[in-house]
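Student: Please see the structure below; I have some questions.
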Amino acid sequence: MIEGKTLRKSADNCDINLKTSFRWRHRFLQMPSLMKATALEGIVEIDETFFPYSDKGNKHLDRAPKKRGTKAKKRGRSKEDWVPVLTVRDRGKHTYEAILPSCSTEQISLELNGKIESDSVLCSDGFKSYIKFAQDNNLIHKMQRL
């Protein structure tokens, strides 16, 4: 998987059946979600990344199918077209990731409730939700100015 090989080539290289290769791929892809950190402490970095929303594989769409190469209907990021993914990591290399419905202070607080030790230093890009989260959870907040 790391080398980007197809399932058939991976199965041949590992000398396993194609069906086994398929099952293993899904197990390996689930591993990061099972290995989330339960507690973060010390210097903790937080940031969000936005990925385009995809209905790939969904047989029942609530909209007309999109064609490759078409331009977006709205300029910039619209709420319907992007999915926020929150990533939090401390200097001990403990990582917590979560897909959020929105990047509001309430959603961040719900997701990280009890996961960051008090008196930790929260480093962020200065997003208002992170500032409020740090204040509400007794965290020292440091932001990088761009």
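Here's how to read the names in the structure tokens: chain A, B, ... by the order shown, residue numbers from 1 in each chain, ligand numbers from 1 in the order shown.
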List the spatial neighbours of Arg25 in chain A as a count of residues only - criterion: any atom at most 9 Å away, only C-alpha atoms, same-chain residues fewer than 5 positions off excluded.
Tutor: 4
Student: List the neighbours of Trp24 in chain A out to 12 Å using only C-alpha atoms; skip same-chain residues closer than 6 positions along the sequence, and give me the result as a list in words.
Tutor: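 Skipping anything fewer than 6 positions along the chain leaves Met1, Leu7, Ser10, Ala11, Cys14, Ile16, Asn17, Leu18, Gln30 and Met31 of chain A.
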Student: One decimal, in Å: what's the spacing between CA of Leu122 in chain A and CA of Glu106 in chain A?
Tutor: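 For CA of Leu122 in chain A relative to CA of Glu106 in chain A, the distance reads 17.0 Å.
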Student: Determine which residues of chain A DSSP labels as strand (DSSP E) from the backbone of this structure, then write them out as a PDB file with N, CA and C atoms, in the first residue's frame.
Tutor:
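Dumped everything to result-v9.pdb:
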ATOM      1  N   ILE A  43       3.128  20.358  25.273  1.00  0.00           N
ATOM      2  CA  ILE A  43       2.926  21.244  24.123  1.00  0.00           C
ATOM      3  C   ILE A  43       2.070  20.495  23.110  1.00  0.00           C
ATOM      4  N   VAL A  44       0.882  21.017  22.856  1.00  0.00           N
ATOM      5  CA  VAL A  44      -0.092  20.360  21.987  1.00  0.00           C
ATOM      6  C   VAL A  44      -0.381  21.280  20.797  1.00  0.00           C
ATOM      7  N   GLU A  45      -0.240  20.743  19.598  1.00  0.00           N
ATOM      8  CA  GLU A  45      -0.516  21.515  18.386  1.00  0.00           C
ATOM      9  C   GLU A  45      -1.862  21.082  17.816  1.00  0.00           C
ATOM     10  N   ILE A  46      -2.616  22.055  17.310  1.00  0.00           N
ATOM     11  CA  ILE A  46      -3.958  21.774  16.786  1.00  0.00           C
ATOM     12  C   ILE A  46      -4.155  22.531  15.476  1.00  0.00           C
ATOM     13  N   ASP A  47      -4.804  21.882  14.525  1.00  0.00           N
ATOM     14  CA  ASP A  47      -5.128  22.541  13.260  1.00  0.00           C
ATOM     15  C   ASP A  47      -6.224  21.751  12.553  1.00  0.00           C
ATOM     16  N   GLU A  48      -6.886  22.395  11.648  1.00  0.00           N
ATOM     17  CA  GLU A  48      -7.928  21.746  10.853  1.00  0.00           C
ATOM     18  C   GLU A  48      -7.517  21.759   9.388  1.00  0.00           C
ATOM     19  N   THR A  49      -7.981  20.753   8.685  1.00  0.00           N
ATOM     20  CA  THR A  49      -7.760  20.654   7.245  1.00  0.00           C
ATOM     21  C   THR A  49      -9.111  20.398   6.611  1.00  0.00           C
ATOM     22  N   PHE A  50      -9.355  20.977   5.456  1.00  0.00           N
ATOM     23  CA  PHE A  50     -10.619  20.780   4.765  1.00  0.00           C
ATOM     24  C   PHE A  50     -10.405  19.901   3.540  1.00  0.00           C
ATOM     25  N   PHE A  51     -11.231  18.865   3.423  1.00  0.00           N
ATOM     26  CA  PHE A  51     -11.201  17.980   2.271  1.00  0.00           C
ATOM     27  C   PHE A  51     -12.509  18.120   1.518  1.00  0.00           C
ATOM     28  N   PRO A  52     -12.476  18.004   0.193  1.00  0.00           N
ATOM     29  CA  PRO A  52     -13.731  18.091  -0.558  1.00  0.00           C
ATOM     30  C   PRO A  52     -14.648  16.928  -0.198  1.00  0.00           C
ATOM     31  N   TRP A  82     -17.139  20.958   1.670  1.00  0.00           N
ATOM     32  CA  TRP A  82     -15.895  20.684   2.365  1.00  0.00           C
ATOM     33  C   TRP A  82     -16.160  20.018   3.709  1.00  0.00           C
ATOM     34  N   VAL A  83     -15.301  19.086   4.069  1.00  0.00           N
ATOM     35  CA  VAL A  83     -15.410  18.363   5.329  1.00  0.00           C
ATOM     36  C   VAL A  83     -14.196  18.717   6.183  1.00  0.00           C
ATOM     37  N   PRO A  84     -14.414  19.279   7.401  1.00  0.00           N
ATOM     38  CA  PRO A  84     -13.276  19.618   8.247  1.00  0.00           C
ATOM     39  C   PRO A  84     -12.744  18.398   9.003  1.00  0.00           C
ATOM     40  N   VAL A  85     -11.426  18.250   9.010  1.00  0.00           N
ATOM     41  CA  VAL A  85     -10.762  17.182   9.757  1.00  0.00           C
ATOM     42  C   VAL A  85      -9.831  17.856  10.756  1.00  0.00           C
ATOM     43  N   LEU A  86     -10.052  17.571  12.030  1.00  0.00           N
ATOM     44  CA  LEU A  86      -9.269  18.155  13.106  1.00  0.00           C
ATOM     45  C   LEU A  86      -8.101  17.234  13.443  1.00  0.00           C
ATOM     46  N   THR A  87      -6.893  17.792  13.555  1.00  0.00           N
ATOM     47  CA  THR A  87      -5.718  17.019  13.934  1.00  0.00           C
ATOM     48  C   THR A  87      -5.077  17.688  15.141  1.00  0.00           C
ATOM     49  N   VAL A  88      -4.836  16.893  16.180  1.00  0.00           N
ATOM     50  CA  VAL A  88      -4.229  17.375  17.410  1.00  0.00           C
ATOM     51  C   VAL A  88      -3.063  16.449  17.732  1.00  0.00           C
ATOM     52  N   ARG A  89      -1.898  17.038  18.032  1.00  0.00           N
ATOM     53  CA  ARG A  89      -0.706  16.213  18.291  1.00  0.00           C
ATOM     54  C   ARG A  89       0.158  16.866  19.361  1.00  0.00           C
ATOM     55  N   ASP A  90       0.660  16.040  20.292  1.00  0.00           N
ATOM     56  CA  ASP A  90       1.574  16.573  21.298  1.00  0.00           C
ATOM     57  C   ASP A  90       3.002  16.193  20.958  1.00  0.00           C
ATOM     58  N   THR A  95      -1.227  11.345  18.662  1.00  0.00           N
ATOM     59  CA  THR A  95      -2.050  12.064  17.684  1.00  0.00           C
ATOM     60  C   THR A  95      -3.511  11.695  17.846  1.00  0.00           C
ATOM     61  N   TYR A  96      -4.376  12.701  17.716  1.00  0.00           N
ATOM     62  CA  TYR A  96      -5.820  12.487  17.727  1.00  0.00           C
ATOM     63  C   TYR A  96      -6.387  13.193  16.506  1.00  0.00           C
ATOM     64  N   GLU A  97      -7.171  12.476  15.718  1.00  0.00           N
ATOM     65  CA  GLU A  97      -7.801  13.048  14.530  1.00  0.00           C
ATOM     66  C   GLU A  97      -9.300  12.772  14.572  1.00  0.00           C
ATOM     67  N   ALA A  98     -10.076  13.701  14.045  1.00  0.00           N
ATOM     68  CA  ALA A  98     -11.524  13.530  14.030  1.00  0.00           C
ATOM     69  C   ALA A  98     -12.135  14.295  12.864  1.00  0.00           C
ATOM     70  N   ILE A  99     -13.167  13.707  12.281  1.00  0.00           N
ATOM     71  CA  ILE A  99     -13.952  14.379  11.245  1.00  0.00           C
ATOM     72  C   ILE A  99     -15.068  15.111  11.972  1.00  0.00           C
ATOM     73  N   VAL A 121       0.052  23.550  26.876  1.00  0.00           N
ATOM     74  CA  VAL A 121       0.193  24.698  25.975  1.00  0.00           C
ATOM     75  C   VAL A 121      -0.409  24.304  24.632  1.00  0.00           C
ATOM     76  N   LEU A 122      -1.438  25.012  24.213  1.00  0.00           N
ATOM     77  CA  LEU A 122      -2.106  24.745  22.947  1.00  0.00           C
ATOM     78  C   LEU A 122      -1.558  25.700  21.895  1.00  0.00           C
ATOM     79  N   CYS A 123      -0.940  25.167  20.853  1.00  0.00           N
ATOM     80  CA  CYS A 123      -0.383  25.970  19.769  1.00  0.00           C
ATOM     81  C   CYS A 123      -1.292  25.869  18.558  1.00  0.00           C
ATOM     82  N   SER A 124      -1.685  27.009  18.003  1.00  0.00           N
ATOM     83  CA  SER A 124      -2.589  27.000  16.849  1.00  0.00           C
ATOM     84  C   SER A 124      -2.269  28.169  15.931  1.00  0.00           C
ATOM     85  N   ILE A 140      -2.959  27.089  28.191  1.00  0.00           N
ATOM     86  CA  ILE A 140      -2.190  28.245  27.745  1.00  0.00           C
ATOM     87  C   ILE A 140      -2.220  28.219  26.222  1.00  0.00           C
ATOM     88  N   HIS A 141      -2.596  29.327  25.605  1.00  0.00           N
ATOM     89  CA  HIS A 141      -2.730  29.357  24.156  1.00  0.00           C
ATOM     90  C   HIS A 141      -1.629  30.201  23.533  1.00  0.00           C
ATOM     91  N   LYS A 142      -0.924  29.621  22.586  1.00  0.00           N
ATOM     92  CA  LYS A 142       0.089  30.335  21.820  1.00  0.00           C
ATOM     93  C   LYS A 142      -0.297  30.227  20.355  1.00  0.00           C
ATOM     94  N   MET A 143      -0.206  31.343  19.642  1.00  0.00           N
ATOM     95  CA  MET A 143      -0.556  31.276  18.224  1.00  0.00           C
ATOM     96  C   MET A 143       0.585  31.790  17.372  1.00  0.00           C
TER      97      MET A 143
END
Student: Please run DSSP on the backbone and report, as number ranges by chain, all residues within chain A that come out as helix (DSSP H, G or I).
Tutor: A: 7-14, 18-34, 105-112, 128-136
Student: Taking into account only C-alpha atoms, which residue in the set A:Thr6, A:Gly114, A:Arg145, A:Ser109 is nearest to Ser129 in chain A?
Tutor: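 Among A:Thr6, A:Gly114, A:Arg145, A:Ser109, it is A:Ser109 that comes nearest to Ser129 in chain A.
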